[in-house]
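Okay, upload.txt is below, compact mmCIF, C-alpha atoms:
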```txt
# COMPACT_ATOMS: atom_id res chain seq x y z
CA MET S 1 -2.02 -1.43 29.49
CA PRO S 2 0.31 1.49 30.07
CA HIS S 3 -0.79 3.98 32.66
CA MET S 4 -0.62 7.68 31.88
CA ARG S 5 -0.02 9.84 34.88
CA PRO S 6 -3.05 11.94 35.85
CA LEU S 7 -3.54 15.05 33.80
CA GLY S 8 -1.87 18.03 35.41
CA PRO S 9 -3.58 21.16 36.62
CA ALA S 10 -3.18 22.99 33.33
CA ALA S 11 -5.14 20.38 31.39
CA LEU S 12 -7.81 19.99 34.07
CA ALA S 13 -8.33 23.69 34.24
CA ALA S 14 -8.55 24.00 30.50
CA ALA S 15 -10.90 21.12 29.88
CA LEU S 16 -12.64 20.19 33.17
CA LEU S 17 1.96 0.27 8.51
CA VAL S 18 4.42 -1.94 4.56
CA PRO S 19 6.03 0.37 7.12
CA LEU S 20 7.88 2.23 4.36
CA ALA S 21 9.10 5.25 6.18
CA GLY S 22 8.90 7.23 9.32
CA CYS S 23 6.64 10.23 9.52
CA THR S 24 9.55 12.52 8.82
CA SER S 25 11.12 10.43 6.06
CA ALA S 26 9.51 11.49 2.68
CA ALA S 27 6.60 14.05 1.73
CA ASP S 28 5.00 16.17 4.42
CA GLY S 29 5.82 14.86 7.84
CA ALA S 30 7.87 12.18 6.09
CA GLU S 31 10.75 13.60 4.16
CA PRO S 32 14.32 12.37 4.54
CA ARG S 33 16.28 14.58 6.89
CA PRO S 34 19.51 14.27 8.85
CA GLN S 35 17.62 14.28 12.15
CA ALA S 36 14.55 13.13 12.08
CA GLY S 37 -6.28 33.11 12.96
CA VAL S 38 -7.73 35.53 12.36
CA ARG S 39 -10.37 37.06 14.61
CA PRO S 40 -13.83 35.50 14.39
CA GLY S 41 -15.52 36.99 11.35
CA ALA S 42 -12.30 38.11 9.67
CA SER S 43 -11.36 36.74 6.24
CA GLU S 44 -8.30 35.02 4.93
CA GLU S 45 -5.75 27.56 5.91
CA ASP S 46 -10.01 4.40 15.65
CA GLY S 47 -10.17 4.36 19.18
CA SER S 48 -8.93 0.80 19.55
CA GLY S 49 -6.31 0.78 16.80
CA SER S 50 -8.53 -1.53 14.77
CA GLY S 51 -8.19 0.31 11.46
CA ALA S 52 -11.60 1.95 11.86
CA PRO S 53 -10.94 4.73 14.34
CA GLY S 54 -13.85 6.76 15.51
CA ALA S 55 -16.43 4.32 14.18
CA GLN S 56 -18.24 4.13 17.50
CA ASP S 57 -18.82 7.85 17.91
CA GLY S 58 -21.97 7.79 15.81
CA ARG S 59 -21.03 10.83 13.75
CA ALA S 60 -21.36 10.60 10.03
CA ASP S 61 -19.85 13.91 9.04
CA GLY S 62 -16.51 13.65 10.84
CA GLY S 63 -17.23 17.07 11.56
CA ALA S 64 -17.76 20.61 12.27
CA GLY S 65 -19.66 21.80 15.26
CA ASP S 66 -22.07 24.70 15.18
CA GLY S 67 -19.64 26.88 17.11
CA ASP S 68 -22.36 28.14 19.50
CA GLY S 69 -22.39 28.61 23.22
CA GLY S 70 -18.82 28.09 24.36
CA PRO S 71 -15.63 30.04 24.98
CA LEU S 72 -14.39 29.18 21.48
CA SER S 73 -17.59 30.20 19.72
CA GLY S 74 -16.71 32.04 16.51
CA PHE S 75 -13.31 30.36 16.13
CA THR S 76 -12.53 27.83 13.39
CA VAL S 77 -9.90 25.12 13.88
CA VAL S 78 -8.67 22.80 11.15
CA ILE S 79 -7.28 19.44 12.26
CA ASP S 80 -5.25 17.51 9.70
CA PRO S 81 -4.84 13.79 10.49
CA GLY S 82 -1.64 12.94 8.62
CA HIS S 83 -1.46 10.25 5.89
CA ASN S 84 -4.41 7.90 5.20
CA GLY S 85 -5.22 4.20 5.33
CA GLY S 86 -5.45 3.76 1.56
CA ASN S 87 -2.12 5.35 0.71
CA ALA S 88 -0.18 2.07 0.66
CA ASP S 89 -2.42 0.77 -2.14
CA ALA S 90 -2.04 3.88 -4.28
CA PRO S 91 1.71 4.43 -4.81
CA GLY S 92 1.21 6.22 -8.12
CA GLU S 93 -1.24 8.70 -6.70
CA ILE S 94 0.63 9.51 -3.53
CA GLY S 95 3.96 9.58 -5.37
CA ALA S 96 2.84 12.27 -7.81
CA LEU S 97 4.55 15.62 -7.40
CA VAL S 98 2.46 18.54 -6.16
CA PRO S 99 3.23 22.14 -5.16
CA ALA S 100 5.00 22.44 -1.80
CA GLY S 101 5.97 26.10 -1.70
CA PRO S 102 9.07 27.08 -3.68
CA GLY S 103 9.31 23.57 -5.13
CA GLU S 104 7.39 20.30 -5.44
CA LYS S 105 7.12 17.19 -3.28
CA GLU S 106 5.27 13.88 -3.27
CA CYS S 107 1.54 14.12 -2.74
CA ASP S 108 1.69 12.09 0.47
CA THR S 109 3.31 9.01 2.04
CA VAL S 110 2.26 5.91 3.93
CA GLY S 111 3.53 7.01 7.34
CA ALA S 112 5.16 5.09 10.15
CA GLU S 113 3.98 2.17 12.26
CA SER S 114 4.92 0.65 15.59
CA ALA S 115 6.77 -2.64 16.01
CA ASP S 116 3.42 -4.22 16.84
CA GLY S 117 1.97 -3.02 13.54
CA TYR S 118 -0.13 -0.11 14.78
CA PRO S 119 -0.16 2.33 11.84
CA GLU S 120 0.45 6.01 12.21
CA HIS S 121 -2.46 6.89 9.93
CA ALA S 122 -4.89 5.20 12.34
CA PHE S 123 -3.30 6.93 15.32
CA ASN S 124 -3.51 10.30 13.58
CA LEU S 125 -7.22 10.02 12.86
CA ASP S 126 -8.20 8.70 16.29
CA PHE S 127 -6.25 11.43 18.07
CA SER S 128 -7.74 14.04 15.73
CA LEU S 129 -11.29 12.87 16.38
CA HIS S 130 -10.78 13.27 20.11
CA MET S 131 -9.33 16.74 19.56
CA ARG S 132 -12.31 17.63 17.42
CA ASP S 133 -14.78 16.49 20.05
CA GLU S 134 -13.07 18.48 22.79
CA LEU S 135 -12.84 21.66 20.73
CA GLU S 136 -16.45 21.40 19.64
CA GLU S 137 -17.46 21.01 23.27
CA ARG S 138 -15.83 24.39 23.83
CA GLY S 139 -17.79 25.94 20.98
CA ALA S 140 -15.28 25.92 18.12
CA GLU S 141 -16.12 25.02 14.56
CA VAL S 142 -13.79 22.15 13.60
CA VAL S 143 -12.94 21.01 10.09
CA LEU S 144 -11.08 17.74 9.41
CA THR S 145 -8.97 17.28 6.28
CA ARG S 146 -10.10 13.64 6.19
CA GLU S 147 -12.97 11.93 7.98
CA ASP S 148 -12.11 8.24 7.72
CA ASP S 149 -9.07 5.99 7.46
CA GLU S 150 -9.89 4.24 4.19
CA GLY S 151 -9.10 6.82 1.52
CA VAL S 152 -6.03 8.17 -0.26
CA GLY S 153 -4.50 11.53 0.58
CA PRO S 154 -5.46 14.34 0.45
CA CYS S 155 -2.24 15.62 -1.05
CA ILE S 156 -0.16 18.00 1.02
CA ASP S 157 -1.21 21.04 -1.02
CA GLU S 158 -4.87 20.10 -0.64
CA ARG S 159 -4.48 19.76 3.11
CA ALA S 160 -3.11 23.28 3.31
CA ALA S 161 -5.86 24.58 1.04
CA ILE S 162 -8.56 23.19 3.34
CA GLY S 163 -7.25 25.29 6.21
CA ASN S 164 -6.91 28.36 4.02
CA GLU S 165 -10.39 28.07 2.57
CA ALA S 166 -11.88 27.60 6.02
CA GLY S 167 -10.22 30.83 7.19
CA ALA S 168 -8.96 28.84 10.15
CA ASP S 169 -7.82 30.62 13.27
CA ALA S 170 -5.45 27.70 13.90
CA ALA S 171 -4.54 24.49 12.09
CA VAL S 172 -2.82 21.43 13.57
CA SER S 173 -1.48 18.53 11.52
CA VAL S 174 -1.43 15.42 13.73
CA HIS S 175 1.35 12.86 13.26
CA ALA S 176 3.51 10.35 15.13
CA ASP S 177 7.14 10.16 14.09
CA GLY S 178 9.11 7.17 12.86
CA GLY S 179 12.58 7.95 14.16
CA SER S 180 15.32 5.73 15.50
CA GLU S 181 14.23 3.15 18.07
CA SER S 182 16.53 4.77 20.59
CA GLY S 183 14.89 8.19 20.31
CA ARG S 184 12.07 9.17 22.64
CA GLY S 185 9.58 11.94 22.90
CA PHE S 186 7.27 14.32 21.12
CA HIS S 187 8.02 17.51 19.24
CA VAL S 188 6.10 20.29 17.52
CA ILE S 189 7.10 21.52 14.06
CA ALA S 190 6.61 25.21 13.26
CA PRO S 191 7.14 26.93 9.91
CA GLY S 192 10.32 28.84 9.26
CA GLU S 193 10.33 31.88 7.02
CA VAL S 194 10.04 31.08 3.33
CA GLU S 195 10.06 34.23 1.23
CA GLY S 196 6.77 34.77 -0.53
CA PHE S 197 5.01 32.05 1.46
CA THR S 198 5.19 31.97 5.24
CA GLU S 199 6.17 35.46 6.41
CA GLU S 200 2.75 36.28 7.91
CA ILE S 201 2.26 33.00 9.75
CA VAL S 202 5.70 32.43 11.27
CA ALA S 203 5.10 34.42 14.47
CA PRO S 204 1.60 33.19 15.35
CA SER S 205 2.51 29.61 14.37
CA ARG S 206 5.49 29.76 16.72
CA ARG S 207 3.19 30.83 19.56
CA LEU S 208 0.81 27.99 18.76
CA ALA S 209 3.76 25.56 18.72
CA GLU S 210 4.93 26.82 22.10
CA GLU S 211 1.45 26.40 23.61
CA LEU S 212 1.32 22.81 22.35
CA ARG S 213 4.86 22.06 23.49
CA ASP S 214 4.27 23.45 26.97
CA ALA S 215 0.95 21.66 27.47
CA PHE S 216 2.21 18.32 26.16
CA ALA S 217 5.38 18.50 28.22
CA GLU S 218 3.39 19.19 31.38
CA ASP S 219 0.39 16.93 31.00
CA ALA S 220 0.78 14.24 28.31
CA GLY S 221 3.20 11.96 30.15
CA LEU S 222 5.80 12.06 27.36
CA PRO S 223 9.20 13.78 27.39
CA VAL S 224 10.19 16.29 24.74
CA SER S 225 12.13 14.71 21.89
CA ASP S 226 15.70 13.76 22.69
CA TYR S 227 16.63 13.02 19.06
CA LEU S 228 15.61 16.08 17.04
CA GLY S 229 14.56 19.66 17.49
CA GLU S 230 15.39 21.78 20.50
CA ASP S 231 13.30 21.83 23.66
CA GLY S 232 10.47 20.07 21.85
CA LEU S 233 10.35 22.53 18.94
CA ASP S 234 11.58 22.06 15.37
CA GLU S 235 11.47 24.82 12.75
CA ARG S 236 11.24 23.65 9.14
CA THR S 237 11.00 25.23 5.72
CA ASP S 238 10.60 22.05 3.67
CA LEU S 239 7.03 21.01 4.49
CA GLY S 240 4.42 21.90 1.90
CA GLY S 241 1.63 21.71 4.43
CA LEU S 242 3.28 24.61 6.28
CA ASN S 243 4.73 26.52 3.33
CA LEU S 244 1.35 26.72 1.59
CA SER S 245 -0.64 27.63 4.67
CA THR S 246 -1.96 31.16 5.04
CA VAL S 247 -3.22 30.49 8.56
CA PRO S 248 -1.22 29.70 11.73
CA LYS S 249 -0.30 26.03 11.48
CA VAL S 250 1.94 23.49 13.18
CA PHE S 251 2.64 19.77 13.05
CA LEU S 252 2.32 17.84 16.30
CA GLU S 253 4.58 14.76 16.25
CA ALA S 254 2.96 13.16 19.29
CA GLY S 255 5.68 10.58 19.90
CA ASN S 256 8.06 8.17 18.17
CA MET S 257 6.23 5.07 16.99
CA ARG S 258 9.48 3.12 16.70
CA ASN S 259 10.45 3.68 20.30
CA ALA S 260 8.97 0.97 22.55
CA GLU S 261 8.11 3.30 25.43
CA ASP S 262 6.47 5.89 23.22
CA ALA S 263 4.63 3.22 21.22
CA GLU S 264 3.14 1.74 24.39
CA LEU S 265 1.42 5.07 24.99
CA LEU S 266 0.50 5.77 21.37
CA GLU S 267 -1.20 2.37 21.15
CA ASP S 268 -3.25 2.99 24.32
CA PRO S 269 -6.78 4.30 23.53
CA GLN S 270 -7.10 5.96 26.93
CA TRP S 271 -3.81 7.79 26.50
CA ARG S 272 -4.83 8.98 23.03
CA GLU S 273 -8.07 10.41 24.32
CA GLU S 274 -6.48 12.14 27.30
CA ALA S 275 -3.52 13.48 25.33
CA ALA S 276 -5.88 14.81 22.65
CA VAL S 277 -7.69 16.78 25.36
CA VAL S 278 -4.33 18.24 26.36
CA ALA S 279 -3.65 19.25 22.76
CA ALA S 280 -7.12 20.75 22.37
CA GLY S 281 -6.59 22.76 25.55
CA ALA S 282 -3.38 24.19 24.11
CA VAL S 283 -5.16 25.23 20.92
CA ALA S 284 -7.89 26.84 23.01
CA ALA S 285 -5.30 28.75 25.04
CA PHE S 286 -3.71 30.02 21.82
CA LEU S 287 -7.03 31.19 20.42
CA THR S 288 -8.27 32.95 23.52
CA SER S 289 -4.94 34.66 24.18
CA GLY S 290 -5.31 36.77 21.05
CA ASP S 291 -2.19 35.26 19.51
CA ALA S 292 -4.28 33.82 16.67
CA VAL S 293 -4.52 37.25 15.08
CA ARG S 294 -2.20 37.49 12.09
CA GLY S 295 -0.67 40.48 10.36
```
Have the structure of the file written as structure tokens, please.
Amino acid sequence: MPHMRPLGPAALAAALLVPLAGCTSAADGAEPRPQAGVRPGASEEDGSGSGAPGAQDGRADGGAGDGDGGPLSGFTVVIDPGHNGGNADAPGEIGALVPAGPGEKECDTVGAESADGYPEHAFNLDFSLHMRDELEERGAEVVLTREDDEGVGPCIDERAAIGNEAGADAAVSVHADGGSESGRGFHVIAPGEVEGFTEEIVAPSRRLAEELRDAFAEDAGLPVSDYLGEDGLDERTDLGGLNLSTVPKVFLEAGNMRNAEDAELLEDPQWREEAAVVAAGAVAAFLTSGDAVRG
């Protein structure tokens, strides 16, 4: 089993598949490319890799905490585990075109998988469940866009709508990339400005992306991506999940599933849990800094 280096001081202080395409090869988090909140009360987006992530946690709702009694009480966070376990069996449904901002894109895609067959969709849900648990421990209300790994979708526009309807103070779409085998590292995708869509969320989303990038680079035991983006950040205007969001939102590409070194970590349940705590701490830092306020 790979060994993740001990969490650094920032994290400790904050927390005491047919592998058709890579995550960035077609639809949201998977389109072909050359290289790979509001204040509380304001109005406004398996653990073992067995295919049944989170089954042992005993929670039926996948869900939201009561948001009481912690430093994040009153904040709402939406976590979007990318793709879904049933997508491969529903090509017609996930291939249908849906709104994606100025244009249309496929509803969803299958996602990437490691050389050993560990699917991205399972990674995404397991990581998201650990993030949820950590954020709820801190008092946040957490909403998941999907609660199991057996369904289809939701489509990219529906994922954005869940965050919008929740009036989320922050939204994070969790993915693992499917880049070249030679490329290592994680990156965070932030929305670029798309006229009529993203103007109000560009600045706070960038701050959220920077918090995630900084925390992951320091404490997750993975380098920043050496094959796309710049210094672990990638700005994009082609992702419907970002273009349609009205709340601060980013995509965390937690590593490259097709790189052997990254995959060794991504497949490790202990690493997933610890790295999810790091990500949750970054979201908490964003919320409590006041940077979640839009407008």
Adding 3 Å on each side of the box along x, y and z that holds all listed atoms of region 70-77 of chain S, could you give its centre and edge lengths in Å to one decimal, as JSON?
```
{"center_x": -14.4, "center_y": 28.6, "center_z": 19.2, "size_x": 14.9, "size_y": 12.9, "size_z": 17.6}
```
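The spacing separating CA of Gly74 (chain S) from CA of Val172 (chain S) amounts to 17.7 Å.
The coordinates place CA of Leu228 (chain S) at 11.0 Å from CA of Asn256 (chain S).
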Give me the residues of region 232-283 of chain S that have any atom at most 7 Å from an atom of region 202-226 of chain S; for each, the nearest atom pair and the distance in Å, rounded to one decimal. Use all atoms listed in the file, sort by chain and number, and format it as JSON lines.
```
{"residue": "S:Gly232", "atom": "CA", "partner": "S:Val224", "partner_atom": "CA", "distance": 4.8}
{"residue": "S:Pro248", "atom": "CA", "partner": "S:Ser205", "partner_atom": "CA", "distance": 4.6}
{"residue": "S:Lys249", "atom": "CA", "partner": "S:Ser205", "partner_atom": "CA", "distance": 5.4}
{"residue": "S:Val250", "atom": "CA", "partner": "S:Ala209", "partner_atom": "CA", "distance": 6.2}
{"residue": "S:Ala275", "atom": "CA", "partner": "S:Ala220", "partner_atom": "CA", "distance": 5.3}
{"residue": "S:Val278", "atom": "CA", "partner": "S:Ala215", "partner_atom": "CA", "distance": 6.4}
{"residue": "S:Ala279", "atom": "CA", "partner": "S:Leu212", "partner_atom": "CA", "distance": 6.1}
{"residue": "S:Ala282", "atom": "CA", "partner": "S:Leu212", "partner_atom": "CA", "distance": 5.2}
{"residue": "S:Val283", "atom": "CA", "partner": "S:Leu208", "partner_atom": "CA", "distance": 6.9}
```
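CA of Ala161 (chain S) to CA of Thr76 (chain S) spans 14.4 Å [interatomic distance, one decimal].
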Can you pull out every residue within 12 Å of region 152-155 of chain S, counting only C-alpha atoms, but drop anything in the same chain fewer than 5 positions away, and send it as a PyMOL selection string? chain S and resi 27-28+80-100+104-111+121+144-147+160-162+240-241+244
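Proximity of S:Leu72, S:Ile156, S:Ala166, S:Leu266 to Arg138 (chain S), computed with all atoms listed in the file, is greatest for S:Leu72.
Here the question is which of S:Glu199, S:Asp133, S:Glu193, S:Asp148 gets nearest to Gly281 (chain S) using all atoms listed in the file, and that residue is S:Asp133.
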Where atoms are missing, can you supply all heavy atoms for region 248-259 of chain S and output the lot as a PDB file, in the frame of the given file?
```
ATOM      1  N   PRO S 248      -2.189  30.282  10.782  1.00  0.00           N
ATOM      2  CA  PRO S 248      -1.220  29.700  11.730  1.00  0.00           C
ATOM      3  C   PRO S 248      -1.349  28.182  11.778  1.00  0.00           C
ATOM      4  O   PRO S 248      -2.438  27.652  12.002  1.00  0.00           O
ATOM      5  CB  PRO S 248      -1.628  30.343  13.066  1.00  0.00           C
ATOM      6  CG  PRO S 248      -2.292  31.615  12.689  1.00  0.00           C
ATOM      7  CD  PRO S 248      -3.030  31.311  11.417  1.00  0.00           C
ATOM      8  N   LYS S 249      -0.250  27.500  11.581  1.00  0.00           N
ATOM      9  CA  LYS S 249      -0.300  26.030  11.480  1.00  0.00           C
ATOM     10  C   LYS S 249       0.966  25.419  12.031  1.00  0.00           C
ATOM     11  O   LYS S 249       2.067  25.950  11.858  1.00  0.00           O
ATOM     12  CB  LYS S 249      -0.501  25.606  10.025  1.00  0.00           C
ATOM     13  CG  LYS S 249      -0.671  24.092   9.839  1.00  0.00           C
ATOM     14  CD  LYS S 249      -1.007  23.748   8.404  1.00  0.00           C
ATOM     15  CE  LYS S 249      -1.222  22.239   8.241  1.00  0.00           C
ATOM     16  NZ  LYS S 249      -1.567  21.869   6.850  1.00  0.00           N
ATOM     17  N   VAL S 250       0.816  24.262  12.671  1.00  0.00           N
ATOM     18  CA  VAL S 250       1.940  23.490  13.180  1.00  0.00           C
ATOM     19  C   VAL S 250       1.685  22.020  12.946  1.00  0.00           C
ATOM     20  O   VAL S 250       0.557  21.604  12.680  1.00  0.00           O
ATOM     21  CB  VAL S 250       2.175  23.740  14.692  1.00  0.00           C
ATOM     22  CG1 VAL S 250       2.481  25.206  14.966  1.00  0.00           C
ATOM     23  CG2 VAL S 250       0.978  23.262  15.518  1.00  0.00           C
ATOM     24  N   PHE S 251       2.742  21.224  13.049  1.00  0.00           N
ATOM     25  CA  PHE S 251       2.640  19.770  13.050  1.00  0.00           C
ATOM     26  C   PHE S 251       2.933  19.297  14.479  1.00  0.00           C
ATOM     27  O   PHE S 251       3.980  19.648  15.046  1.00  0.00           O
ATOM     28  CB  PHE S 251       3.683  19.130  12.128  1.00  0.00           C
ATOM     29  CG  PHE S 251       3.334  19.104  10.668  1.00  0.00           C
ATOM     30  CD1 PHE S 251       2.757  20.197  10.042  1.00  0.00           C
ATOM     31  CD2 PHE S 251       3.622  17.977   9.910  1.00  0.00           C
ATOM     32  CE1 PHE S 251       2.447  20.174   8.694  1.00  0.00           C
ATOM     33  CE2 PHE S 251       3.319  17.938   8.556  1.00  0.00           C
ATOM     34  CZ  PHE S 251       2.734  19.026   7.935  1.00  0.00           C
ATOM     35  N   LEU S 252       2.052  18.507  15.036  1.00  0.00           N
ATOM     36  CA  LEU S 252       2.320  17.840  16.300  1.00  0.00           C
ATOM     37  C   LEU S 252       2.794  16.424  16.011  1.00  0.00           C
ATOM     38  O   LEU S 252       2.035  15.619  15.461  1.00  0.00           O
ATOM     39  CB  LEU S 252       1.064  17.798  17.178  1.00  0.00           C
ATOM     40  CG  LEU S 252       1.167  16.926  18.443  1.00  0.00           C
ATOM     41  CD1 LEU S 252       2.235  17.461  19.396  1.00  0.00           C
ATOM     42  CD2 LEU S 252      -0.192  16.828  19.138  1.00  0.00           C
ATOM     43  N   GLU S 253       4.050  16.128  16.331  1.00  0.00           N
ATOM     44  CA  GLU S 253       4.580  14.760  16.250  1.00  0.00           C
ATOM     45  C   GLU S 253       4.458  14.202  17.669  1.00  0.00           C
ATOM     46  O   GLU S 253       5.318  14.425  18.526  1.00  0.00           O
ATOM     47  CB  GLU S 253       6.031  14.765  15.771  1.00  0.00           C
ATOM     48  CG  GLU S 253       6.213  15.293  14.348  1.00  0.00           C
ATOM     49  CD  GLU S 253       5.870  14.267  13.271  1.00  0.00           C
ATOM     50  OE1 GLU S 253       5.508  13.129  13.633  1.00  0.00           O
ATOM     51  OE2 GLU S 253       5.973  14.607  12.076  1.00  0.00           O
ATOM     52  N   ALA S 254       3.381  13.473  17.920  1.00  0.00           N
ATOM     53  CA  ALA S 254       2.960  13.160  19.290  1.00  0.00           C
ATOM     54  C   ALA S 254       3.830  12.129  19.994  1.00  0.00           C
ATOM     55  O   ALA S 254       3.623  11.863  21.183  1.00  0.00           O
ATOM     56  CB  ALA S 254       1.506  12.700  19.288  1.00  0.00           C
ATOM     57  N   GLY S 255       4.779  11.561  19.317  1.00  0.00           N
ATOM     58  CA  GLY S 255       5.680  10.580  19.900  1.00  0.00           C
ATOM     59  C   GLY S 255       6.379   9.831  18.786  1.00  0.00           C
ATOM     60  O   GLY S 255       6.092  10.043  17.607  1.00  0.00           O
ATOM     61  N   ASN S 256       7.292   8.952  19.142  1.00  0.00           N
ATOM     62  CA  ASN S 256       8.060   8.170  18.170  1.00  0.00           C
ATOM     63  C   ASN S 256       7.523   6.746  18.151  1.00  0.00           C
ATOM     64  O   ASN S 256       7.729   5.976  19.095  1.00  0.00           O
ATOM     65  CB  ASN S 256       9.545   8.184  18.543  1.00  0.00           C
ATOM     66  CG  ASN S 256      10.395   7.376  17.572  1.00  0.00           C
ATOM     67  OD1 ASN S 256       9.931   6.937  16.526  1.00  0.00           O
ATOM     68  ND2 ASN S 256      11.659   7.191  17.924  1.00  0.00           N
ATOM     69  N   MET S 257       6.857   6.377  17.077  1.00  0.00           N
ATOM     70  CA  MET S 257       6.230   5.070  16.990  1.00  0.00           C
ATOM     71  C   MET S 257       7.228   3.925  17.042  1.00  0.00           C
ATOM     72  O   MET S 257       6.864   2.790  17.368  1.00  0.00           O
ATOM     73  CB  MET S 257       5.392   4.948  15.713  1.00  0.00           C
ATOM     74  CG  MET S 257       4.282   5.958  15.632  1.00  0.00           C
ATOM     75  SD  MET S 257       2.934   5.453  14.532  1.00  0.00           S
ATOM     76  CE  MET S 257       1.987   4.376  15.616  1.00  0.00           C
ATOM     77  N   ARG S 258       8.480   4.184  16.726  1.00  0.00           N
ATOM     78  CA  ARG S 258       9.480   3.120  16.700  1.00  0.00           C
ATOM     79  C   ARG S 258      10.224   2.980  18.014  1.00  0.00           C
ATOM     80  O   ARG S 258      11.084   2.110  18.153  1.00  0.00           O
ATOM     81  CB  ARG S 258      10.444   3.347  15.534  1.00  0.00           C
ATOM     82  CG  ARG S 258       9.731   3.150  14.196  1.00  0.00           C
ATOM     83  CD  ARG S 258      10.635   3.336  13.023  1.00  0.00           C
ATOM     84  NE  ARG S 258       9.905   3.092  11.782  1.00  0.00           N
ATOM     85  CZ  ARG S 258      10.124   3.726  10.648  1.00  0.00           C
ATOM     86  NH1 ARG S 258      11.069   4.647  10.586  1.00  0.00           N
ATOM     87  NH2 ARG S 258       9.426   3.454   9.566  1.00  0.00           N
ATOM     88  N   ASN S 259       9.890   3.818  18.966  1.00  0.00           N
ATOM     89  CA  ASN S 259      10.450   3.680  20.300  1.00  0.00           C
ATOM     90  C   ASN S 259       9.448   2.900  21.152  1.00  0.00           C
ATOM     91  O   ASN S 259       8.261   3.242  21.206  1.00  0.00           O
ATOM     92  CB  ASN S 259      10.705   5.052  20.913  1.00  0.00           C
ATOM     93  CG  ASN S 259      11.190   4.973  22.340  1.00  0.00           C
ATOM     94  OD1 ASN S 259      10.394   4.901  23.271  1.00  0.00           O
ATOM     95  ND2 ASN S 259      12.498   4.979  22.528  1.00  0.00           N
TER      96      ASN S 259
END
```
